[in-house]
Amino acid sequence: MKIKMRKPVLFLLLVTVLAPIVLYTDTLASYFTRPSSRTEFIEDLSTFTLGGDVRPLNLLPQESSTLLKEPPGDIYSENSSLSLSNTSDTLSSEDARKARQLTEAESMKHQAATGNSNDGIEVAMNGNHISQVTDSLHEPHQMDKTSLELVSAGKSESRATETSSKKKTSPTDSSHTSDTTSAKIEIRQDQRTVQTSGRVVSGETARGKGEDQNAQVVPPDARVRQLKDQLIRGKVYLSLSATRNNPHFIRELRLRIKEVQRALGEATKDSELPRNAYEKLKAMEQTLAKGKQIQDDCATIVKKLRAMLHSAEEQLRVHKKQTLYLTHLTAKTLPKGLHCLPLRLSTEYFKLNSSQQQFPNQVNLEDPKLYHYALFSDNILAAAVVINSTVSHAKDPSKHVFHIVTDRLNFAAMRMWFLANPPQHATVDVQNVEEFTWLNSSYSPVLKQLASQSMIDYYFRSRADSDPNVKFRNPKYLSIMNHLRFYLPEIFPKLDKVLFLDDDIVVQKDLSGLWSLDLKGKVIGVVETCGESFHRFDRYLNFSNPLIFKHFDSRACGWAFGMNIFDLNEWRRQNITEVYHSWQNLNHDRQLWKLGTLPPGLITFWKRTYALDRSWHVLGLGYNPNVSQKDIQRAAVIHYNGNLKPWLEISIPKFRDYWSKFVDYDQVFLRECNINKLAGT
């Protein structure tokens with residue numbers, strides 16, 4: 001009977017003890033999502049046996065109902081749990097392991113101090129986690145990655161130990177539990193703040209980097225290029241046999257090509273495209289996709305693209321050749337205003353009496369102590385700019401003497417211009433090349449060659465069989481004016497030094513210092529132009545000829561005419577004119593060099609040149625738009641060598657003003673001939 005009575009009592013005891021435990025553990029089970037936490041909690045329950053001491057379990061029915069309610073949301077809310085889980089998931093397992101080792105070490109220290117009971121171990125673990133994190137939160141400068149690792153790594157263990165502490169802590173320890181709870185609330189609130197702000201900052205940083213990369217990668221004409229590529233692909237499909245057999249597709253494709261061409265227009269940047277350009281691009285892409293379905297043979301498409309490329313290259317070659325010819329033709333053509341000007345000046349000149357036709361200060365023409373300039377030109381306006389720019393920068397204009405030699409056609413007009421517009425205090429003289437009776441074909445080989453029938457045929461025969469190098473077919477080489485520079489001692493027999501100037505230069509500084517230079521026995525002072533490969537001797541001379549190959553170096557540095565100081569005494573001593581004549585006789589069939597004056601100049605003055613500083617003479621303004629602005633500002637003389645002369649409309653706009661500022665466009669003769677300042681200057 002006693003045994004029967006013990007069974008109901010034992011059953012009641014089991015129900016009384018285990019039912020709250022099951023209810024309590026089921027309520028908290030949903031909050032411990034990590035497997036490690038759930039396992040630890042079950043292992044704690046497994047230590048309770050029926051044969052053990054059950055007195056601590058008697059406390060469970062006496063707990064108030066509030067302890068069995070769901071914990072506050074700030075501690076165990078779903079969002080908070082997910083947030084902490086996400087944070088811990090992002091941390092490496094290695095960091096979590098280190099954090100747990102640190103926690104266990106602290107627990108062992110606490111156990112050694114307080115005893116070996118299970119209660120002491122659990123309380124120590126719980127307290128260590130809170131103290132580690134709260135200390136770092138109270139010190140903002142130490143809130144770094146390590147602090148977050150400790151929180152995340154010990155999250156599951158803290159929850160498990162907290163539950164055990166609640167079951168095993170006596171009422172006297174309730175104050176410690178409340179402190180722990182408040183500390184954990186602060187931890188998780190701060191943790192959510194740090195996590196949220198970190199995500200925002202990282203998102204903004206990533207977005208900023210992405211925008212920077214897009215801004216650097218995407219060119220301003222990306223869509224323009226895409227539209228042009230579509231046009232090329234469209235033309236390919238129009239020419240393929242497979243697509244031509246589909247009339248509906250061909251009609252659609254031609255319509256799309258017209259739409260794209262209309263949208264593209266003359267645009268060079270995406271900002272210049274119309275608003276509907278993107279719609280046209282998408283429509284064209286869809287049509288091209290249909291063409292790809294019809295003709296998907298890549299080999300055929302590649303073959304057609306190669307044929308189109310070859311055709312485009314051939315057209316480009318033809319257009320380049322035509323452009324070169326037209327440019328040379330424009331350079332040789334005299335503008336209407338410049339044709340009118342000599343006619344108008346000549347009319348006025350012949351109205352003057354003989355005394356009015358004379359220049360003042362003629363005694364200065366043969367004074368070797370003055371600064372003498374040689375200028376050979378038939379362009380009145382160009383000669384005027386050379387003299388005006390030189391005088392305006394001269395320290396003492398009265399010491400400067402200008403010797404102008406022109407042809408018979410422009411002789412009267414040239415004299416009239418400088419009689420009507422005399423340079424300030426400087427001396428000017430104009431001579432007619434026809435009056436140099438000593439200069440004839442019996443004396444000068446070049447005159448004999450220029451008058452030959454073969455030379456005339458070379459210049460005036462049809463374009464079909466013309467020389468491919470159009471540059472050397474300029475009729476200016478037929479004029480003796482271009483070769484007068486090789487007869488300076490004969491033209492100025494009483495002078496010691498002469499500065500030769502081309503008519504397409506502008507003077508920007510005082511040039512009188514050139515007369516005081518010691519040329520060290522050399523005949524000519526030059527500025528070398530070997531900075532570029534095509535300015536070396538092999539560019540101008542035929543080194544396949546044994547005579548040229550024997551006497552000259554193909555890689556020797558070239559130089560340019562345009563601004564050159566000549567020592568006429570040294571010229572006479574070395575008999576340079578005879579050297580020039582001998583080489584001209586050897587080149588009667590143009591096998592040593594083509595026409596022009598620079599190749600015979602390189603040969604005649606070989607090893608007789610004195611190198612001047614580059615700032616004396618800057619070249620390229622007549623063909624090179626990339627001449628440095630710094631070099632131009634430093635230059636004593638700037639040279640418009642090339643076809644793009646500053647008085648022509650084809651000149652480089654940004655270089656025009658250096659020349660045009662020395663032209664008085666209000667001058668009566670210029671107004672009558674409608675010569676105006678070119679646009680862009």
# chains A, B, ... in the order shown; residues from 1 in each chain; ligands from 1
$ residues_around --residues "A:Asp221" --least-positions-apart "5" --cutoff "9 Å" --atoms "only C-alpha atoms" --output "ChimeraX atom specification"
/A:226,267-271
$ residues_around --residues "A:Gly558" --least-positions-apart "2" --cutoff "6 Å" --atoms "only C-alpha atoms" --output "PyMOL selection string"
chain A and resi 528-530+535-537
$ write_last_selection --atoms "C-alpha atoms" --output "PDB file, in the first residue's frame"
ATOM      1  CA  GLU A 528      69.070  74.031 -86.701  1.00  0.00           C
ATOM      2  CA  THR A 529      65.853  72.055 -87.118  1.00  0.00           C
ATOM      3  CA  CYS A 530      66.930  68.512 -86.312  1.00  0.00           C
ATOM      4  CA  HIS A 535      64.494  67.784 -90.941  1.00  0.00           C
ATOM      5  CA  ARG A 536      67.701  65.868 -91.574  1.00  0.00           C
ATOM      6  CA  PHE A 537      69.708  65.727 -94.777  1.00  0.00           C
TER       7      PHE A 537
END
$ select_by_dssp --residues "stretch 357-495 of chain A" --states "helix (DSSP H, G or I)" --output "PyMOL selection string"
chain A and resi 362-366+380-393+397-399+411-420+433-435+445-450+453-460+463-465+470-473+475-478+480-491
$ select_by_dssp --residues "stretch 450-676 of chain A" --states "strand (DSSP E)" --output "MDAnalysis selection string"
chainID A and resid 497:501 505:507 524:526 563:567 609:611 617:618 637:639
$ write_last_selection --atoms "C-alpha atoms" --output "short mmCIF file (atom, residue, chain, number, x, y, z; two decimals), in the first residue's frame"
data_model
loop_
_atom_site.label_atom_id
_atom_site.label_comp_id
_atom_site.auth_asym_id
_atom_site.auth_seq_id
_atom_site.Cartn_x
_atom_site.Cartn_y
_atom_site.Cartn_z
CA LYS A 497 77.24 91.58 -93.05
CA VAL A 498 73.64 91.19 -94.18
CA LEU A 499 70.63 89.70 -92.40
CA PHE A 500 68.47 87.79 -94.86
CA LEU A 501 64.72 87.73 -94.11
CA ILE A 505 58.22 86.14 -91.05
CA VAL A 506 57.33 88.49 -88.19
CA VAL A 507 59.99 90.12 -86.00
CA ILE A 524 76.05 81.73 -92.34
CA GLY A 525 74.32 81.77 -88.97
CA VAL A 526 71.37 79.33 -88.83
CA MET A 563 66.29 84.49 -90.83
CA ASN A 564 70.02 84.10 -91.52
CA ILE A 565 72.99 86.32 -90.80
CA PHE A 566 75.66 86.23 -93.57
CA ASP A 567 79.31 87.17 -93.27
CA THR A 609 77.16 77.09 -90.70
CA TYR A 610 77.18 78.66 -87.25
CA ALA A 611 74.40 77.39 -84.97
CA HIS A 617 64.04 81.73 -85.14
CA VAL A 618 60.89 79.65 -84.47
CA VAL A 637 61.46 85.87 -85.27
CA ILE A 638 58.46 83.64 -86.01
CA HIS A 639 58.26 82.04 -89.43
#
$ atom_distance --atom1 "atom CA of A:Phe359" --atom2 "atom CA of A:Met414"
12.0 Å
$ closest_residue --among "A:Lys645, A:Arg656, A:His372, A:Arg573" --to "A:Pro335" --atoms "only C-alpha atoms"
A:Lys645
$ closest_residue --among "A:Leu547, A:Leu255, A:Leu240, A:Leu592" --to "A:Ile301" --atoms "only C-alpha atoms"
A:Leu240
$ atom_distance --atom1 "atom CA of A:Asn542" --atom2 "atom CA of A:Leu621"
27.3 Å
$ residues_around --residues "A:His403" --least-positions-apart "4" --cutoff "9 Å" --atoms "only C-alpha atoms" --output "PyMOL selection string"
chain A and resi 365+372-376+427-431
$ write_last_selection --atoms "C-alpha atoms" --output "CSV table (one decimal), in the first residue's frame"
chain,number,residue,atom,x,y,z
A,365,LEU,CA,72.5,102.1,-98.4
A,372,HIS,CA,71.4,95.9,-93.4
A,373,TYR,CA,68.5,93.6,-94.3
A,374,ALA,CA,67.9,91.8,-97.5
A,375,LEU,CA,64.3,91.1,-98.4
A,376,PHE,CA,63.4,89.5,-101.8
A,427,THR,CA,66.0,103.6,-94.6
A,428,VAL,CA,64.2,101.6,-97.4
A,429,ASP,CA,65.3,100.9,-100.9
A,430,VAL,CA,63.5,99.0,-103.6
A,431,GLN,CA,65.3,97.4,-106.6
$ closest_residue --among "A:Lys494, A:Arg317, A:Gly337, A:Lys594" --to "A:Asn676" --atoms "only C-alpha atoms"
A:Gly337
$ residues_around --residues "A:Tyr580" --least-positions-apart "6" --cutoff "10 Å" --atoms "only C-alpha atoms" --output "short mmCIF file (atom, residue, chain, number, x, y, z; two decimals) with all heavy atoms, in the first residue's frame"
data_model
loop_
_atom_site.label_atom_id
_atom_site.label_comp_id
_atom_site.auth_asym_id
_atom_site.auth_seq_id
_atom_site.Cartn_x
_atom_site.Cartn_y
_atom_site.Cartn_z
N SER A 444 74.78 82.30 -114.46
CA SER A 444 74.09 81.50 -113.46
C SER A 444 73.52 80.22 -114.08
O SER A 444 72.64 80.29 -114.95
CB SER A 444 72.95 82.32 -112.82
OG SER A 444 72.16 81.52 -111.99
N PRO A 445 73.98 79.06 -113.64
CA PRO A 445 73.44 77.79 -114.16
C PRO A 445 71.96 77.62 -113.86
O PRO A 445 71.23 77.03 -114.66
CB PRO A 445 74.28 76.73 -113.44
CG PRO A 445 75.50 77.43 -113.00
CD PRO A 445 75.09 78.83 -112.72
N VAL A 446 71.50 78.14 -112.73
CA VAL A 446 70.10 77.97 -112.37
C VAL A 446 69.20 78.73 -113.32
O VAL A 446 68.09 78.27 -113.64
CB VAL A 446 69.86 78.38 -110.90
CG1 VAL A 446 70.00 79.88 -110.71
CG2 VAL A 446 68.50 77.91 -110.42
N PHE A 486 71.64 83.35 -103.05
CA PHE A 486 72.95 82.80 -103.34
C PHE A 486 73.87 83.79 -104.05
O PHE A 486 74.99 83.44 -104.41
CB PHE A 486 72.81 81.54 -104.19
CG PHE A 486 72.10 80.41 -103.49
CD1 PHE A 486 70.78 80.11 -103.77
CD2 PHE A 486 72.75 79.66 -102.53
CE1 PHE A 486 70.13 79.08 -103.13
CE2 PHE A 486 72.11 78.62 -101.87
CZ PHE A 486 70.79 78.33 -102.16
N TYR A 487 73.40 85.04 -104.20
CA TYR A 487 74.20 86.07 -104.88
C TYR A 487 74.30 87.34 -104.03
O TYR A 487 74.41 88.45 -104.56
CB TYR A 487 73.57 86.39 -106.24
CG TYR A 487 73.54 85.21 -107.18
CD1 TYR A 487 72.39 84.45 -107.33
CD2 TYR A 487 74.68 84.85 -107.88
CE1 TYR A 487 72.37 83.36 -108.19
CE2 TYR A 487 74.67 83.75 -108.74
CZ TYR A 487 73.51 83.01 -108.88
OH TYR A 487 73.51 81.92 -109.73
N PRO A 600 70.00 72.93 -102.21
CA PRO A 600 71.31 73.48 -102.60
C PRO A 600 71.95 74.31 -101.51
O PRO A 600 73.19 74.42 -101.44
CB PRO A 600 70.99 74.33 -103.84
CG PRO A 600 69.55 74.62 -103.75
CD PRO A 600 68.93 73.45 -103.08
N GLY A 601 71.14 74.89 -100.62
CA GLY A 601 71.70 75.62 -99.49
C GLY A 601 72.42 74.70 -98.52
O GLY A 601 73.51 75.02 -98.01
N ILE A 603 73.82 71.91 -99.25
CA ILE A 603 75.04 71.46 -99.90
C ILE A 603 76.09 72.57 -99.95
O ILE A 603 77.26 72.38 -99.61
CB ILE A 603 74.72 70.95 -101.32
CG1 ILE A 603 73.93 69.64 -101.23
CG2 ILE A 603 75.99 70.76 -102.13
CD1 ILE A 603 73.50 69.10 -102.57
N THR A 604 75.66 73.77 -100.37
CA THR A 604 76.60 74.88 -100.56
C THR A 604 77.26 75.29 -99.25
O THR A 604 78.47 75.57 -99.21
CB THR A 604 75.86 76.08 -101.18
OG1 THR A 604 75.29 75.68 -102.43
CG2 THR A 604 76.81 77.24 -101.39
N PHE A 605 76.48 75.32 -98.17
CA PHE A 605 77.00 75.78 -96.87
C PHE A 605 77.34 74.61 -95.94
O PHE A 605 77.39 74.79 -94.73
CB PHE A 605 76.00 76.72 -96.21
CG PHE A 605 75.70 77.96 -97.01
CD1 PHE A 605 74.49 78.10 -97.67
CD2 PHE A 605 76.64 78.97 -97.12
CE1 PHE A 605 74.22 79.24 -98.41
CE2 PHE A 605 76.38 80.11 -97.86
CZ PHE A 605 75.16 80.25 -98.51
#
$ residues_around --residues "A:Asn432" --least-positions-apart "3" --cutoff "8 Å" --atoms "only C-alpha atoms" --output "MDAnalysis selection string"
chainID A and resid 405:408 411 435:436
$ closest_residue --among "A:Gly596, A:Pro397, A:Pro422, A:Pro489" --to "A:Arg572" --atoms "only C-alpha atoms"
A:Pro489
